[in-house]
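Scroll down for the structure; my scribbles are underneath it.
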Amino acid sequence: MYHDLTYEELHKRYLDLELRVTRFSSIEQELINTRDKLDHELVVYKRMNVFISKAIRFRSLNELLVHVSEALIDIFEVQIGYVHFRTYNEGLESEHRYFLEGATRSDEQHVREDFIKLESLNIFSGKMKEFTREEISSYVEGNILDHCLLSKKLMVGTKSQLVLGCATDKRNAPIYSIPDARKHALFTIFVQQVEALVNNLLTYETNRQQVKQIQNSEIELRKLSLIATNTNNSVIITDNYGHIEWVNASFETSTGFSLEEVKGRKPKDFLQVQDGRTLDARMQLRNALSAKKAVEVEILNKDKQGNEYVIALQISPILDMDGDVINFIALQRDITTEVKHRKEIERVNFRMEEISKGSSIGMWEYDLESKHTVWNDVIYDIYDVDRTSTDLYGIWRKSLHPDDFDYVSKTIESMIQGKMKSAVMEYRILAGKDHDILKYVRTTVIPEKFEKSNAIKILGSTIDISATKNFENTILEKNKELVKINGELDQFVYSVSHDLRSPLLSIKGILSVMETAQNDEERNMYLSLIDKSVNRLDGTILEILDFSRNARLEVVYSEFNIRELIENIFSDLAYVTNDPVILNMDIEGTDIVEMDKSRVEILLKNLISNGIKYRRRATEGSFVKVAVRSVEDDYHIIVSDNGEGISEENKQKVFEMFYRASSASSGTGLGLYICKDIVEKMKGTLHLNSQSGVGTEISLILPKRIVHEPLPVN
């Protein structure tokens, strides 16, 4: 058939055939490409199916999300898979979990920050958003991501969010293809699948916890049921309005009401006594139950026969998941006997407290383990501290007198260890807020313990014996003083009788001799001798008066001019001797001092007089010097001379009564004894420094005021 065709026609048909072949080849290639795409999509969907088949078997959220991050890379053929799971905790910061697959360890932080910045953008229209390189660069400075598919924040469960993403970084972008519409659709499907899987897993976990909670609740309910049925206490279960639904057997026994009689009734309508005695308890119950809170009160009830009894009532509300009350459970325990005993104990304690107050007996209790201390009002008064004070044990320790601390501590320790059954101690305390009030107390202590164990508590009573103790100490001091006075009095009577009779006998003898005097000159000589004896008698009487006055009169402080006093003494003694004696004064500071003027005058007159009496006769340059210094709280007075001095063997004796250290003097021997007695009366000190043939120096230290020291405990 082709022989009839011309060449041109054959050529034309050839070209047409060639065109058809080309078209068929193109279609064939398209079919091949389509087949490859379908094969690839089939692989992708197979991967999706494999992912889902594995994912539904996971029971751990972390394992599932790790699997998701890996699947993102596998299914979408990208470099990086990203999962961000966030849980909101009430009252706490959110918990974040990040799962990143495909990024190097050095890039992890940078990649995570890029994803976090992108997911925070509020530009999502559907479930996902594609970010191009240009968009990422505009939103994230210094970004490492190139292309990215990112889901919006998906709410999963009730308190969680989920974000999924996949991407490539700039360095590896050429290796990976840019996501197209097909991948967009597939990513949306994947996100929906993961959202459903996570929701299912969270629901499963919630259900599992609820089942476990229900199982535990059933166990607890069985236990409570056994307890409620077998307990001796009354149990009442009401609805949310307080109407009785169930009571146990103990309730029926104690009240006389059966379940059938009380079902649907409120306990307050037939159990509680409705008068002023229960008003406070009923108000407390009403307020607590209205606020859905548990409450515990003591209230007066009455049984079916009208007999009243006291119960300890505990009511607890049972709440549902929304916090609404569904039931109330009440426990009633009969405490009538306990209340009677408590009131009796309170009555006894009150009487004991009143007795202790009336007798000023302080009662206290100390717990060795907790160091908790209880005092009655009398103890607060003894220690003179405020009744709001809390650290009573600390106050007691600080109040113990330092010198008695070891004695008291060791005694108490012996009782704690069981070495002593009880103890009576007398010791000193420093009472008051500033611990500046000295008191004496007598404490009786008894340990409280179980069987043979060490003491667990210490009980005691304390009384203030300061007045008695001070009186006893005063009596002791007076007795010591009387013993001393009696001894001195014996010596005094003997010596005074001798010193008084001597001048009188001398006068008597001279008068008898005067009768035989031949002329006036001889009589005048006898009269001169009588005058000397009279002066000696007068001096003795004056010294006796000084001694008596110092013993009887208290120290009286007054201001006076000591320079004038010394000048007057020098003036009175200027003509005692015909030998020249230089009298000097050295007063530092003011002339006005504050001391007992009469006693200081006696002191200085005796000491200056001794300096003149015991001068070295027929020696030029004899002197007596008085120096006065004011040093802080004391006056320092020094009386010195360059007389005949005192030998070593006489230094301790010169201060004894009626002792004369020198035969050159006709004195009584009372002078230095009186000086020592005056200095002791004034709470001062006296120091003698003397050397025979050189001179004598007597140093006095007299306080500007008297400081009373506390008397020792016997």
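Chain identifiers are assigned as A, B, and so on, following the order in which chains appear in the structure tokens; residues are numbered from 1 within each chain, and ligands are numbered from 1 in order of appearance.
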
Checklist line | DSSP-assigned strand (DSSP E) among stretch 542-644 of chain A, expressed as a PyMOL selection string | finding: chain A and resi 558-561+582-587+592-595+623-631+634-641

Would you mind exporting the chosen residues as a PDB file, in the first residue's frame, restricted to C-alpha atoms?
```pdb
ATOM      1  CA  SER A 558      29.845  64.468 155.313  1.00  0.00           C
ATOM      2  CA  GLU A 559      31.891  67.023 153.383  1.00  0.00           C
ATOM      3  CA  PHE A 560      34.612  68.945 155.232  1.00  0.00           C
ATOM      4  CA  ASN A 561      37.900  70.761 154.604  1.00  0.00           C
ATOM      5  CA  ILE A 582      58.466  70.386 161.683  1.00  0.00           C
ATOM      6  CA  LEU A 583      54.824  69.756 160.679  1.00  0.00           C
ATOM      7  CA  ASN A 584      54.161  69.413 156.880  1.00  0.00           C
ATOM      8  CA  MET A 585      51.052  68.919 154.693  1.00  0.00           C
ATOM      9  CA  ASP A 586      50.810  67.677 151.065  1.00  0.00           C
ATOM     10  CA  ILE A 587      47.200  67.686 149.786  1.00  0.00           C
ATOM     11  CA  ILE A 592      37.044  69.248 150.336  1.00  0.00           C
ATOM     12  CA  VAL A 593      36.586  65.540 151.066  1.00  0.00           C
ATOM     13  CA  GLU A 594      33.593  63.344 151.979  1.00  0.00           C
ATOM     14  CA  MET A 595      34.282  61.051 154.938  1.00  0.00           C
ATOM     15  CA  PHE A 623      59.273  66.194 161.202  1.00  0.00           C
ATOM     16  CA  VAL A 624      55.778  64.801 160.875  1.00  0.00           C
ATOM     17  CA  LYS A 625      54.213  64.854 157.364  1.00  0.00           C
ATOM     18  CA  VAL A 626      50.604  64.241 156.257  1.00  0.00           C
ATOM     19  CA  ALA A 627      49.862  63.543 152.547  1.00  0.00           C
ATOM     20  CA  VAL A 628      46.306  63.217 151.147  1.00  0.00           C
ATOM     21  CA  ARG A 629      45.403  61.872 147.652  1.00  0.00           C
ATOM     22  CA  SER A 630      42.046  61.216 145.953  1.00  0.00           C
ATOM     23  CA  VAL A 631      42.355  57.991 143.901  1.00  0.00           C
ATOM     24  CA  ASP A 634      39.231  55.942 147.713  1.00  0.00           C
ATOM     25  CA  TYR A 635      41.216  58.488 149.707  1.00  0.00           C
ATOM     26  CA  HIS A 636      44.883  57.647 150.334  1.00  0.00           C
ATOM     27  CA  ILE A 637      46.305  59.257 153.520  1.00  0.00           C
ATOM     28  CA  ILE A 638      49.960  58.795 154.522  1.00  0.00           C
ATOM     29  CA  VAL A 639      51.331  59.972 157.906  1.00  0.00           C
ATOM     30  CA  SER A 640      55.148  59.695 158.115  1.00  0.00           C
ATOM     31  CA  ASP A 641      57.906  60.803 160.512  1.00  0.00           C
TER      32      ASP A 641
END
```

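With only C-alpha atoms as the basis for measurement, A:Asp324 is the residue among A:Glu119, A:Asp324, A:Glu522, A:Asp303 that approaches A:Ser290 most closely.
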
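The spacing separating atom CA of A:Arg133 from atom CA of A:His147 amounts to 5.5 Å.
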
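Across the structure, atom CA of A:Leu430 and atom CA of A:Thr443 are spaced 15.1 Å apart.
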
Notebook entry, point to check: Could you write out, as an MDAnalysis selection string, all the residues of stretch 153-308 of chain A that DSSP marks as alpha helix (DSSP H)?
Noted result: chainID A and resid 181:230 249:255 259:262 267:270 279:290

Output file for the selection above: C-alpha atoms, as a short mmCIF file (atom, residue, chain, number, x, y, z; two decimals), in the first residue's frame:
```cif
data_model
loop_
_atom_site.label_atom_id
_atom_site.label_comp_id
_atom_site.auth_asym_id
_atom_site.auth_seq_id
_atom_site.Cartn_x
_atom_site.Cartn_y
_atom_site.Cartn_z
CA ALA A 181 2.85 20.61 49.25
CA ARG A 182 2.84 16.82 49.48
CA LYS A 183 5.17 16.92 52.49
CA HIS A 184 3.11 19.72 54.00
CA ALA A 185 0.03 17.53 53.86
CA LEU A 186 1.93 14.54 55.16
CA PHE A 187 3.37 16.65 58.05
CA THR A 188 -0.15 17.77 58.97
CA ILE A 189 -1.32 14.14 59.02
CA PHE A 190 1.74 13.16 61.10
CA VAL A 191 1.10 15.95 63.61
CA GLN A 192 -2.52 14.84 63.98
CA GLN A 193 -1.43 11.24 64.48
CA VAL A 194 1.15 12.20 67.16
CA GLU A 195 -1.37 14.50 68.87
CA ALA A 196 -3.81 11.59 69.07
CA LEU A 197 -1.12 9.18 70.30
CA VAL A 198 0.04 11.54 73.08
CA ASN A 199 -3.55 12.27 74.13
CA ASN A 200 -4.28 8.56 74.27
CA LEU A 201 -1.13 7.89 76.29
CA LEU A 202 -1.91 10.73 78.75
CA THR A 203 -5.48 9.50 79.06
CA TYR A 204 -4.21 5.98 79.63
CA GLU A 205 -1.84 7.23 82.35
CA THR A 206 -4.61 9.26 83.97
CA ASN A 207 -6.96 6.29 83.87
CA ARG A 208 -4.26 4.00 85.26
CA GLN A 209 -3.66 6.41 88.17
CA GLN A 210 -7.38 6.69 88.78
CA VAL A 211 -7.79 2.92 88.77
CA LYS A 212 -4.88 2.61 91.19
CA GLN A 213 -6.39 5.33 93.36
CA ILE A 214 -9.77 3.57 93.28
CA GLN A 215 -8.11 0.29 94.23
CA ASN A 216 -6.29 1.98 97.10
CA SER A 217 -9.50 3.71 98.11
CA GLU A 218 -11.34 0.39 98.12
CA ILE A 219 -8.66 -1.09 100.37
CA GLU A 220 -8.85 1.92 102.68
CA LEU A 221 -12.64 1.75 102.66
CA ARG A 222 -12.51 -1.92 103.65
CA LYS A 223 -10.14 -1.04 106.48
CA LEU A 224 -12.30 1.87 107.56
CA SER A 225 -15.37 -0.31 107.38
CA LEU A 226 -13.76 -2.86 109.70
CA ILE A 227 -12.65 -0.11 112.07
CA ALA A 228 -16.03 1.61 112.01
CA THR A 229 -17.83 -1.68 112.66
CA ASN A 230 -15.61 -2.90 115.47
CA ALA A 249 -23.31 -0.62 116.43
CA SER A 250 -21.43 1.40 119.08
CA PHE A 251 -23.63 4.39 118.26
CA GLU A 252 -26.77 2.35 118.79
CA THR A 253 -25.43 0.96 122.09
CA SER A 254 -24.26 4.31 123.54
CA THR A 255 -27.26 6.43 122.47
CA LEU A 259 -30.25 3.15 112.60
CA GLU A 260 -33.90 2.99 111.50
CA GLU A 261 -34.84 5.62 114.13
CA VAL A 262 -32.15 8.15 113.17
CA PRO A 267 -27.61 14.59 114.92
CA LYS A 268 -27.93 18.09 116.33
CA ASP A 269 -31.74 17.77 116.35
CA PHE A 270 -31.93 14.88 118.80
CA LEU A 279 -23.28 27.37 122.43
CA ASP A 280 -19.54 27.85 121.74
CA ALA A 281 -19.07 24.26 120.51
CA ARG A 282 -22.12 24.48 118.21
CA MET A 283 -20.87 27.76 116.71
CA GLN A 284 -17.43 26.20 116.14
CA LEU A 285 -19.03 23.21 114.38
CA ARG A 286 -21.22 25.41 112.18
CA ASN A 287 -18.34 27.65 111.07
CA ALA A 288 -15.94 24.78 110.29
CA LEU A 289 -18.45 22.68 108.34
CA SER A 290 -19.60 25.71 106.32
#
```

Shell of 10 Å around A:Val68, only C-alpha atoms, local chain residues under 5 positions omitted, as a compact mmCIF listing (two decimals) with C-alpha atoms, in the first residue's frame:
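Final output, saved to result34.txt:
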```txt
# COMPACT_ATOMS: atom_id res chain seq x y z
CA PHE A 51 5.96 4.46 63.18
CA ILE A 52 2.30 4.25 64.19
CA ALA A 55 4.07 4.13 68.75
CA ASN A 62 9.44 9.87 77.05
CA GLU A 63 9.94 6.74 74.93
CA ILE A 73 13.85 12.49 60.21
CA ASP A 74 12.96 9.12 58.70
CA GLY A 81 13.71 16.17 64.27
CA TYR A 82 12.40 18.33 67.16
CA VAL A 83 9.83 17.68 69.92
CA PHE A 99 13.80 15.79 72.34
CA LEU A 100 16.25 16.65 69.55
CA GLU A 101 17.48 14.15 66.98
CA LEU A 164 6.74 19.10 66.56
CA PHE A 190 1.74 13.16 61.10
CA VAL A 191 1.10 15.95 63.61
CA VAL A 194 1.15 12.20 67.16
```

Contact residues around A:Ile236 with only C-alpha atoms at 10 Å, ignoring same-chain residues under 3 positions, as a PDB file with N, CA and C atoms, in the first residue's frame:
```
ATOM      1  N   ALA A 228     -14.756   0.999 111.620  1.00  0.00           N
ATOM      2  CA  ALA A 228     -16.030   1.614 112.012  1.00  0.00           C
ATOM      3  C   ALA A 228     -16.967   0.596 112.644  1.00  0.00           C
ATOM      4  N   ASN A 233     -15.996   3.447 119.630  1.00  0.00           N
ATOM      5  CA  ASN A 233     -16.472   4.810 119.421  1.00  0.00           C
ATOM      6  C   ASN A 233     -17.646   4.810 118.451  1.00  0.00           C
ATOM      7  N   GLY A 242     -26.039  16.854 106.084  1.00  0.00           N
ATOM      8  CA  GLY A 242     -25.979  16.466 107.483  1.00  0.00           C
ATOM      9  C   GLY A 242     -27.004  15.441 107.896  1.00  0.00           C
ATOM     10  N   HIS A 243     -27.759  14.885 106.948  1.00  0.00           N
ATOM     11  CA  HIS A 243     -28.746  13.851 107.289  1.00  0.00           C
ATOM     12  C   HIS A 243     -28.045  12.498 107.414  1.00  0.00           C
ATOM     13  N   ILE A 244     -28.381  11.764 108.469  1.00  0.00           N
ATOM     14  CA  ILE A 244     -27.702  10.496 108.761  1.00  0.00           C
ATOM     15  C   ILE A 244     -28.030   9.451 107.705  1.00  0.00           C
ATOM     16  N   GLU A 245     -26.973   8.807 107.202  1.00  0.00           N
ATOM     17  CA  GLU A 245     -27.127   7.698 106.266  1.00  0.00           C
ATOM     18  C   GLU A 245     -26.791   6.358 106.922  1.00  0.00           C
ATOM     19  N   TRP A 246     -25.835   6.375 107.867  1.00  0.00           N
ATOM     20  CA  TRP A 246     -25.405   5.111 108.490  1.00  0.00           C
ATOM     21  C   TRP A 246     -24.783   5.409 109.841  1.00  0.00           C
ATOM     22  N   VAL A 247     -25.002   4.519 110.794  1.00  0.00           N
ATOM     23  CA  VAL A 247     -24.334   4.580 112.097  1.00  0.00           C
ATOM     24  C   VAL A 247     -23.852   3.178 112.428  1.00  0.00           C
ATOM     25  N   ASN A 248     -22.806   3.064 113.264  1.00  0.00           N
ATOM     26  CA  ASN A 248     -22.309   1.741 113.625  1.00  0.00           C
ATOM     27  C   ASN A 248     -23.001   1.226 114.893  1.00  0.00           C
ATOM     28  N   PHE A 251     -22.709   3.252 118.165  1.00  0.00           N
ATOM     29  CA  PHE A 251     -23.627   4.393 118.261  1.00  0.00           C
ATOM     30  C   PHE A 251     -24.963   3.939 118.834  1.00  0.00           C
ATOM     31  N   LEU A 259     -30.460   2.499 113.893  1.00  0.00           N
ATOM     32  CA  LEU A 259     -30.246   3.146 112.601  1.00  0.00           C
ATOM     33  C   LEU A 259     -31.578   3.553 111.974  1.00  0.00           C
ATOM     34  N   PRO A 267     -27.994  14.884 113.526  1.00  0.00           N
ATOM     35  CA  PRO A 267     -27.613  14.586 114.918  1.00  0.00           C
ATOM     36  C   PRO A 267     -27.900  15.727 115.882  1.00  0.00           C
ATOM     37  N   ILE A 315     -15.418  15.655 113.166  1.00  0.00           N
ATOM     38  CA  ILE A 315     -16.174  15.590 111.917  1.00  0.00           C
ATOM     39  C   ILE A 315     -15.251  15.953 110.762  1.00  0.00           C
ATOM     40  N   PHE A 328     -20.282  13.607 105.242  1.00  0.00           N
ATOM     41  CA  PHE A 328     -19.559  13.942 106.470  1.00  0.00           C
ATOM     42  C   PHE A 328     -19.399  12.666 107.283  1.00  0.00           C
ATOM     43  N   ILE A 329     -18.212  12.455 107.850  1.00  0.00           N
ATOM     44  CA  ILE A 329     -17.985  11.324 108.748  1.00  0.00           C
ATOM     45  C   ILE A 329     -17.700  11.874 110.138  1.00  0.00           C
ATOM     46  N   ALA A 330     -18.469  11.432 111.104  1.00  0.00           N
ATOM     47  CA  ALA A 330     -18.319  11.909 112.479  1.00  0.00           C
ATOM     48  C   ALA A 330     -17.936  10.760 113.398  1.00  0.00           C
ATOM     49  N   LEU A 331     -16.945  11.019 114.282  1.00  0.00           N
ATOM     50  CA  LEU A 331     -16.538  10.057 115.309  1.00  0.00           C
ATOM     51  C   LEU A 331     -16.865  10.657 116.665  1.00  0.00           C
ATOM     52  N   GLN A 332     -17.550   9.882 117.505  1.00  0.00           N
ATOM     53  CA  GLN A 332     -17.924  10.339 118.840  1.00  0.00           C
ATOM     54  C   GLN A 332     -17.302   9.422 119.888  1.00  0.00           C
TER      55      GLN A 332
END
```

Next item on the list: Using only C-alpha atoms, find the one residue out of A:Asn650, A:Glu95, A:Leu459, A:Val424 that sits nearest to A:Trp375.
Entry: A:Leu459

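Closest to A:Ile602 among A:Glu308, A:Asp677, A:Glu108, A:Glu554 is A:Asp677, based on only C-alpha atoms.
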
Checklist line | Residue with smallest distance to A:Gln79 - pool A:Lys263, A:His435, A:His110, A:Lys170, counting only C-alpha atoms | finding: A:Lys170

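Coordinates place atom CA of A:Ile382 at a distance of 18.4 Å from atom CA of A:Phe471.
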
Checklist line | Residue among A:Arg442, A:Arg347, A:Arg333, A:Lys46 lying closest to A:Thr231, counting only C-alpha atoms | finding: A:Arg333

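Non-sequential neighbours of A:Val273 (distance at most 7 Å, separation of 6 or more positions within a chain, only C-alpha atoms) are Leu300, Asn301 and Lys302 of chain A.
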
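Compared by their closest atoms to A:Ile416, and using only C-alpha atoms, the residues A:Gly394, A:Pro447, A:Gly611, A:Pro317 rank with A:Pro447 nearest.
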